[in-house]
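S.K.: Handing you this structure, nothing more for now.
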Amino acid sequence: MNKFLIGLLSLTLLFSCKNSEEKNKDAENEKQEVNVYTHRHYESDQELFKQFEEETGITVNVINANADELIQKMSMEGEQSPADVLITVDAGRLERAKSGDLLQAVSSETLENTIPSHLKDADNYWFGLTKRARVIAYAKDRVDESELSTYEDLASNKWNDKLLIRSSGNIYNQSLMASIMVHNGEEEAKKWAEAVVENMARAPKGNDRDQVKAVVAGEGDLAVVNTYYIGKLLNSEDPEEVKAGESIELFFPNQNGRGTHINVSGAGVAKYAPNKDNAIKFIEFLISEKAQKVFAHSNYEYPVNNAVAPAALLQEWGEFKEDTLNLSKLGENNKKAVMLFDEAGWK
Amino acid sequence: MKQAGNNSDIFSIKSRLRRVKRDTNRWSIFTLAIVLFITLPVIAIAVKLLEGPGETWWHLVDNLLLDYIGNSFFLIVACSLLVLITGVGTAWLVARFEFPFRKQLEWLLILPLAIPSYIVAYAYAGVFDYGGSLNLIFRFLDLEFIRIDIMNKFGLAYVLSISLFPYVYVSSRAFFLNQAGNLLEASTMLGVGEFKSFFKLMLPLARPAIIAGLILVLMEVLNDYGAAQYFGVNTFTTGIFRAWFSLEEPETAVYLSALLIFIVFALILIEKWQRKSIQVTGNKASRHIHRKTGTKLMQNLKFILVLIPVILGFFIPVAQLTYWAFLTAEKVFDLDFILLSLQSFGIALITSLVTVLFATLLIYFAKWSNTSGIKSLSKFGVLGYAIPGAVVAIGVMIPTLAFDKWFIGVMDSVFEVKTGFLFNGTLVALVYAYSVRFMAVAHNPIESTALKVSNSIPDSSKMLGVGNFKTFFKIEFPLIKTGILSAMILVFIDVLKELPLTLILKPFHINTLAVKAFEYASDEMVMEAAIPSLFIIFTATIPVIFLNKLLIKD
């Protein structure tokens with residue numbers, strides 16, 4: 001009996017909590033706030049949100065989830081969606097949000113002038129915040145730098161049973177595939193994927209760090225990974241991971257051609273943003289020099305704001321030429337890329 | 001005089017019968033209402049089936065479906081075997097025999113449940129990794145390191161089994177402790193050997209209890225995303241995520257979910273058929289088993305046998321996590337974790353109360369309805385457990401948003417008041433979704449204890465004119481209390497671990513430990529995820545010990 005009373009009591013409590021929450025919401029409307037739906041969940045971001053709150057007095061409310069889930073949520077919520085800003089870790093998802101009519105164009109001189117044109121939407125629906133390059137990590141003792149050249153070359157016979165790369169479910173691989181499709185055509189891209197599958201040292205599994213560790217363990221000679229994870233590996237708390245990071249070398253592919261493939265994290269203002277002005281202020285803040293420094297230094301990402309230098313570690317790797325293909329193209333071709341992966345048997 | 005008395009007796013019996021009939025109808029409607037409420041999200045998703053699959057459906061069928069079916073089938077078979085051997089074996093040993101540390105091991109055997117499967121997967125990968133713990137130990141001993149690769153379907157079956165076997169352990173042990181005593185005594189007196197009486201008598205009798213636990217395990221196995229994805233094994237659930245996210249087709253994802261539900265439904269039917277074919281007569285509570293002691297050697301052997309799954313399922317992952325936590329403590333730990341733990345604890349507690357309330361109502365309304373059709377229908381209430389959390393979240397959003405938008409429209413047009421969502425983005429929607437998802441977890445233990453209560457007492461109480469509710473509180477509730485409490489604790493642990501649904505539905509300002517662990521793990525900061533994971537384990541351990549005390553007392 002008592003248990004049931006407790007149950008009933010909690011139910012009433014629950015509803016009363018809800019009601020008071022509603023009231024709070026009304027009160028909060030007076031207060032300045034910005035509601036952020038983000039796929040990024042890094043310490044650096046939390047630190048920046050806090051800074052933004054302190055500087056502007058605007059409260060930052062955050063929902064963290066997978067970008068696709070957030071997009072689904074926004075589209076279901078429709079006009080009443082509380083979302084002001086959508087942040088994802090790849091341009092493809094922002095493009096999807098744009099084509100799903102979930103974002104709005106924003107006119108901001110700061111944003112337009114600071115961010116290079118290939119790192120933002122042509123119609124100003126979304127803006128890149130940080131960059132990562134997809135590079136080749138290779139075993140120093142088994143591979144000579146001169147043997148490496150392009151992504152296309154990964155399909156060459158000489159890498160048979162030597163290549164490590166994660167599964168095709170990963171968005172960074174999907175974007176890479178989409179870029180190869182755009183540059184070389186569907187036919188070639190499919191052939192490339194098939195040959196890469198042939199060259200794999202093992203069935204794809206694990207994350208980018210695991211690919212590097214497998215190179216160090218001698219399971220293969222080269223791995224395709226994001227620069228950002230190498231930064232994390234080299235600064236890991238685990239001495240074994242640092243050792244793994246130190247025993248490989250990085251190569252930036254396609255330097256003599258179109259440049260190395262990059263992904264961006266980016267942000268867009270929601271179509272029905274209840275706090276549009278704050279949303280713009282928020283994104284402007286994230287590309288300010290101060291914020292870009294935080295991204296660069298604590299998260300090993302390349303800044304989009306050219307006034308800010310990358311972290312020392314990234315500078316050591318040297319400057320590189322990046323593929324300036326507009327990132328919207330990657331989003332448009334993402335689905336096709338995944339289907340090609342499936343047809344090529346890339347797990 | 002006499003005749004008049006008889007008449008009035010007959011009259012009153014008739015009126016009582018009429019009342020019973022009326023009640024029956026009422027309870028049927030109530031049962032239907034609860035089933036509808038709980039399955040509304042599932043129905044909302046099912047309706048999408050009518051729209052037909054997306055255009056990538058055939059692409060998926062051509063290229064991937066065989067792989068999904070093969071791997072999922074492999075996991076079902078492999079995990080069933082491993083879980084049955086481990087779960088039933090340990091349950092029998094602790095229920096039947098006396099050996100050193102038996103009491104401690106009894107609750108330690110439940111603890112693997114407290115660690116989310118995907119964290120166990122990460123921990124094991126960390127153990128066997130190049131530069132991992134095993135590697136370090138080998139190096140320390142100056143031995144050549146032989147790397148065992150566990151990141152494949154065999155490793156996945158192992159990891160899932162070792163973290164989920166407690167479901168089978170808990171349900172079969174409850175049976176052995178409460179129901180097996182008399183029969184066992186009889187068989188011993190008849191001179192039947194220990195082995196024979198276990199395989200010929202105990203196993204067949206315990207089958208319903210064992211299968212009930214096994215079905216929970218298999219639902220979890222089919223539902224796993226994190227571990228399968230990390231180990232590179234394509235299953236139905238990884239396929240659902242691929243269809244939805246990578247192929248951008250929720251419709252196709254729904255079709256895959258439907259297939260998955262079909263499999264689970266088949267499993268439920270098998271269980272029903274199992275229960276029918278073996279009508280267990282031991283309905284009444286039985287004497288406790290008198291534990292055998294045996295020789296010192298045999299005692300130690302049993303101790304080691306029972307210790308193995310505890311080491312594999314709990315101590316190894318926890319040791320690995322502790323090592324990582326030690327490395328990252330400075331960077332990750334702050335006082336927010338205490339607050340986070342309290343929030344997680346509160347949400348899990350509220351949810352377990354709500355879910356258990358609904359499960360109990362569902363079971364008893366169906367029982368009072370006294371209609372076999374309604375009783376079978378009430379089984380549908382547990383389907384949510386078979387559906388991936390993210391899909392349940394969408395299923396919950398469909399009806400609640402429809403209501404919210406209607407509500408906003410009415411408020412706007414009739415009262416000219418601008419309001420926000422009433423349910424979405426609040427705790428109510430979150431707790432509702434958890435209840436939908438974990439109804440099976442609450443339903444099973446309550447139902448299996450409810451089945452044990454003989455119908456004669458409540459029936460006579462009702463014939464005496466006592467209402468259903470009063471009979472329930474006075475007679476049945478005390479008898480099924482342990483079932484209700486086990487249900488509460490299992491739901492509590494599951495909510496603590498729950499991730500995909502929480503991510504989508506959680507309100508602003510509210511966070512859970514599982515979300516925190518995921519934030520790190522999903523970004524390849526597995527080591528940093530160790531501290532929140534250990535907090536989950538710690539928060540879950542307290543109720544596990546509590547649960548065990550209650551089960552033993554029963």
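Residues in the structure tokens are named by chain (A, B, ... in the order shown) and by number from 1 within that chain; ligands are numbered from 1 in the order shown.
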Could you list, as a list of chain:residue names, every residue within 7 Å of segment 90-105 of chain A, counting only C-alpha atoms and ignoring same-chain residues fewer than 3 positions away?
M.R.: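 Counting only the stated atoms, we get A:Ala67, A:Ile71, A:Ser75, A:Asp123, A:Asn124, A:Tyr125, A:Trp126, A:Asn263, A:Val264, A:Ser265, A:Gly266, A:Gly268, A:Val269, A:Ala270, A:Lys271, A:Leu327, A:Ser328, A:Leu330, A:Gly331, A:Asn334.
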S.K.: Determine the nearest neighbour of chain B from the options A:Arg258, A:His297, A:Lys205, A:Lys162, counting only C-alpha atoms.
M.R.: A:Lys205
S.K.: Would you please extract all strand (DSSP E or B) residues from segment 67-293 of chain A, as assigned by DSSP on the backbone, and give them as number ranges by chain?
M.R.: A: 85-88, 103-104, 120, 126-139, 163-164, 200, 222-226, 248-251, 260, 262-270
S.K.: Find the residues near Asp84 of chain A: any atom within 7 Å, counting only C-alpha atoms, skip ones fewer than 4 places away on the same chain, and give them as a list in words.
M.R.: Val34, Asn35, Val36, Val269, Ala270, Ala273, Pro274, Asn275, Lys276 and Ala279 of chain A
S.K.: Would you save the residues from that selection as a PDB file, in the first residue's frame, using N, CA and C atoms?
M.R.:
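Dumped everything to result21.pdb:
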ATOM      1  N   VAL A  34      19.838  31.270 -25.353  1.00  0.00           N
ATOM      2  CA  VAL A  34      19.965  30.687 -26.679  1.00  0.00           C
ATOM      3  C   VAL A  34      19.965  29.170 -26.514  1.00  0.00           C
ATOM      4  N   ASN A  35      19.126  28.494 -27.313  1.00  0.00           N
ATOM      5  CA  ASN A  35      19.007  27.038 -27.204  1.00  0.00           C
ATOM      6  C   ASN A  35      19.828  26.370 -28.302  1.00  0.00           C
ATOM      7  N   VAL A  36      20.771  25.561 -27.872  1.00  0.00           N
ATOM      8  CA  VAL A  36      21.718  24.981 -28.818  1.00  0.00           C
ATOM      9  C   VAL A  36      21.516  23.472 -28.919  1.00  0.00           C
ATOM     10  N   VAL A 269      21.625  28.673 -38.059  1.00  0.00           N
ATOM     11  CA  VAL A 269      20.535  29.190 -37.240  1.00  0.00           C
ATOM     12  C   VAL A 269      19.242  28.479 -37.650  1.00  0.00           C
ATOM     13  N   ALA A 270      18.511  27.991 -36.658  1.00  0.00           N
ATOM     14  CA  ALA A 270      17.290  27.242 -36.930  1.00  0.00           C
ATOM     15  C   ALA A 270      16.240  28.134 -37.581  1.00  0.00           C
ATOM     16  N   ALA A 273      13.957  29.763 -35.075  1.00  0.00           N
ATOM     17  CA  ALA A 273      14.670  30.142 -33.850  1.00  0.00           C
ATOM     18  C   ALA A 273      13.919  31.218 -33.076  1.00  0.00           C
ATOM     19  N   PRO A 274      13.537  30.917 -31.828  1.00  0.00           N
ATOM     20  CA  PRO A 274      12.865  31.955 -31.037  1.00  0.00           C
ATOM     21  C   PRO A 274      13.825  33.064 -30.600  1.00  0.00           C
ATOM     22  N   ASN A 275      15.114  32.798 -30.611  1.00  0.00           N
ATOM     23  CA  ASN A 275      16.088  33.823 -30.196  1.00  0.00           C
ATOM     24  C   ASN A 275      17.117  34.033 -31.300  1.00  0.00           C
ATOM     25  N   LYS A 276      16.642  34.484 -32.444  1.00  0.00           N
ATOM     26  CA  LYS A 276      17.505  34.568 -33.616  1.00  0.00           C
ATOM     27  C   LYS A 276      18.737  35.454 -33.387  1.00  0.00           C
ATOM     28  N   ALA A 279      21.246  33.826 -31.374  1.00  0.00           N
ATOM     29  CA  ALA A 279      21.846  32.725 -32.114  1.00  0.00           C
ATOM     30  C   ALA A 279      22.992  33.254 -32.983  1.00  0.00           C
TER      31      ALA A 279
END
S.K.: With only C-alpha atoms as the counted atoms, please give the residues lying no more than 9 Å from Phe337 of chain B, apart from itself and same-chain residues fewer than 6 positions off, as a ChimeraX atom specification.
M.R.: /B:513,531-532,535
S.K.: Restricting it to N, CA and C atoms, dump the selection as a PDB file, in the first residue's frame.
M.R.:
ATOM      1  N   LEU B 513      24.411  10.315 -15.978  1.00  0.00           N
ATOM      2  CA  LEU B 513      25.761   9.757 -15.998  1.00  0.00           C
ATOM      3  C   LEU B 513      26.035   9.048 -17.318  1.00  0.00           C
ATOM      4  N   ILE B 531      35.309   7.380 -15.528  1.00  0.00           N
ATOM      5  CA  ILE B 531      34.801   7.909 -14.260  1.00  0.00           C
ATOM      6  C   ILE B 531      33.267   7.936 -14.221  1.00  0.00           C
ATOM      7  N   PRO B 532      32.605   8.541 -15.231  1.00  0.00           N
ATOM      8  CA  PRO B 532      31.136   8.426 -15.195  1.00  0.00           C
ATOM      9  C   PRO B 532      30.646   6.981 -15.190  1.00  0.00           C
ATOM     10  N   PHE B 535      30.752   5.690 -11.761  1.00  0.00           N
ATOM     11  CA  PHE B 535      29.653   6.270 -10.978  1.00  0.00           C
ATOM     12  C   PHE B 535      28.338   5.538 -11.249  1.00  0.00           C
TER      13      PHE B 535
END
S.K.: Between A:Ala137, A:Leu340, A:Ala155, A:Ala189, which is the closest to chain B once you count only C-alpha atoms?
M.R.: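 Looking only at the distances to chain B, the closest residue turns out to be A:Leu340.
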S.K.: When you look at segment 61-65 of chain A with a cut-off of 12 Å (counting only C-alpha atoms), what residues show up, excluding the ones that are within fewer than 4 positions of it in the same chain? I need them as a VMD selection string.
M.R.: (chain A and resid 28 32 to 42 45 to 46 49 to 50 52 to 53 69 to 74 82 to 89 275 278 to 279 282) or (chain B and resid 390 425 499 to 512 515 to 516 518 to 520 522)
S.K.: Grab the residues selected above and save them as a PDB file, in the first residue's frame with C-alpha atoms.
M.R.:
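The resulting file, part-v6.pdb, is shown below:
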ATOM      1  CA  GLU A  28      12.809  32.798 -18.670  1.00  0.00           C
ATOM      2  CA  GLN A  32      18.068  36.253 -22.570  1.00  0.00           C
ATOM      3  CA  GLU A  33      18.893  32.758 -23.721  1.00  0.00           C
ATOM      4  CA  VAL A  34      19.965  30.687 -26.679  1.00  0.00           C
ATOM      5  CA  ASN A  35      19.007  27.038 -27.204  1.00  0.00           C
ATOM      6  CA  VAL A  36      21.718  24.981 -28.818  1.00  0.00           C
ATOM      7  CA  TYR A  37      21.247  21.537 -30.389  1.00  0.00           C
ATOM      8  CA  THR A  38      24.756  20.199 -30.797  1.00  0.00           C
ATOM      9  CA  HIS A  39      26.515  17.043 -31.863  1.00  0.00           C
ATOM     10  CA  ARG A  40      29.765  18.336 -30.375  1.00  0.00           C
ATOM     11  CA  HIS A  41      30.329  17.433 -26.775  1.00  0.00           C
ATOM     12  CA  TYR A  42      33.816  18.542 -25.981  1.00  0.00           C
ATOM     13  CA  ASP A  45      32.780  23.700 -26.208  1.00  0.00           C
ATOM     14  CA  GLN A  46      31.489  23.696 -22.667  1.00  0.00           C
ATOM     15  CA  PHE A  49      29.571  28.274 -23.733  1.00  0.00           C
ATOM     16  CA  LYS A  50      30.444  29.337 -20.222  1.00  0.00           C
ATOM     17  CA  PHE A  52      29.779  33.305 -23.803  1.00  0.00           C
ATOM     18  CA  GLU A  53      27.365  33.340 -20.870  1.00  0.00           C
ATOM     19  CA  GLU A  69      18.654  12.641 -34.174  1.00  0.00           C
ATOM     20  CA  LEU A  70      18.733  16.372 -33.586  1.00  0.00           C
ATOM     21  CA  ILE A  71      17.638  17.028 -37.172  1.00  0.00           C
ATOM     22  CA  GLN A  72      14.820  14.522 -36.767  1.00  0.00           C
ATOM     23  CA  LYS A  73      13.807  16.188 -33.527  1.00  0.00           C
ATOM     24  CA  MET A  74      13.810  19.666 -35.077  1.00  0.00           C
ATOM     25  CA  PRO A  82      12.884  25.665 -29.199  1.00  0.00           C
ATOM     26  CA  ALA A  83      16.130  25.187 -31.151  1.00  0.00           C
ATOM     27  CA  ASP A  84      18.065  28.329 -32.068  1.00  0.00           C
ATOM     28  CA  VAL A  85      21.350  26.890 -33.250  1.00  0.00           C
ATOM     29  CA  LEU A  86      22.245  23.523 -34.757  1.00  0.00           C
ATOM     30  CA  ILE A  87      25.882  22.429 -34.519  1.00  0.00           C
ATOM     31  CA  THR A  88      27.154  19.295 -36.262  1.00  0.00           C
ATOM     32  CA  VAL A  89      30.569  17.715 -36.811  1.00  0.00           C
ATOM     33  CA  ASN A 275      16.088  33.823 -30.196  1.00  0.00           C
ATOM     34  CA  ASN A 278      21.240  35.625 -29.770  1.00  0.00           C
ATOM     35  CA  ALA A 279      21.846  32.725 -32.114  1.00  0.00           C
ATOM     36  CA  PHE A 282      26.518  32.998 -30.441  1.00  0.00           C
TER      37      PHE A 282
ATOM     38  CA  ALA B 390      16.289   5.924 -30.535  1.00  0.00           C
ATOM     39  CA  GLY B 425      11.310  18.380 -23.781  1.00  0.00           C
ATOM     40  CA  LEU B 499      21.424   6.184 -23.585  1.00  0.00           C
ATOM     41  CA  PRO B 500      19.940   6.750 -27.066  1.00  0.00           C
ATOM     42  CA  LEU B 501      16.455   7.574 -25.860  1.00  0.00           C
ATOM     43  CA  THR B 502      17.770   9.868 -23.152  1.00  0.00           C
ATOM     44  CA  LEU B 503      19.876  11.777 -25.644  1.00  0.00           C
ATOM     45  CA  ILE B 504      16.877  12.604 -27.805  1.00  0.00           C
ATOM     46  CA  LEU B 505      14.251  13.292 -25.162  1.00  0.00           C
ATOM     47  CA  LYS B 506      16.093  14.747 -22.216  1.00  0.00           C
ATOM     48  CA  PRO B 507      15.042  18.239 -21.145  1.00  0.00           C
ATOM     49  CA  PHE B 508      17.459  21.166 -21.159  1.00  0.00           C
ATOM     50  CA  HIS B 509      19.449  21.409 -17.928  1.00  0.00           C
ATOM     51  CA  ILE B 510      19.068  17.748 -17.092  1.00  0.00           C
ATOM     52  CA  ASN B 511      21.910  15.344 -17.613  1.00  0.00           C
ATOM     53  CA  THR B 512      22.614  11.748 -16.714  1.00  0.00           C
ATOM     54  CA  VAL B 515      25.033  10.658 -21.280  1.00  0.00           C
ATOM     55  CA  LYS B 516      28.233  11.938 -19.721  1.00  0.00           C
ATOM     56  CA  PHE B 518      28.814   8.578 -23.864  1.00  0.00           C
ATOM     57  CA  GLU B 519      29.993  12.112 -24.555  1.00  0.00           C
ATOM     58  CA  TYR B 520      33.514  10.940 -23.897  1.00  0.00           C
ATOM     59  CA  SER B 522      31.699   8.553 -28.643  1.00  0.00           C
TER      60      SER B 522
END
S.K.: Which residues are close to segment 94-101 of chain B, i.e. within 12 Å by only C-alpha atoms, leaving aside same-chain residues fewer than 4 positions away? Reply as a ChimeraX atom specification.
M.R.: /B:87-90,105-109,169-170,172-181,184-185,194-195,197-198,202,288-307,551-552
S.K.: So which residues touch Asp153 of chain A within 12 Å, counting only C-alpha atoms, skipping near sequence neighbours fewer than 4 positions away, as a VMD selection string?
M.R.: chain A and resid 136 147 to 149 157 to 160 163 192 to 193 195 to 196 199 253 to 254
S.K.: Rank nothing, just name the residue among A:Gly78, A:Gly231, A:Pro204, A:Gly245 nearest to chain B, using only C-alpha atoms.
M.R.: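 Looking only at the distances to chain B, the closest residue turns out to be A:Pro204.
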S.K.: Just checking: using only C-alpha atoms, which residue out of B:Phe138, B:Phe492, B:Phe380, B:Phe421 ends up closest to chain A?
M.R.: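 Of B:Phe138, B:Phe492, B:Phe380, B:Phe421, the one nearest chain A, counting only C-alpha atoms, is B:Phe421.
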S.K.: Which is closest to Val143 of chain A among A:Leu129, A:Ala122, A:Ile115, A:Leu250, if we use only C-alpha atoms?
M.R.: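 Of the candidates, the smallest distance to Val143 of chain A is held by A:Leu250.
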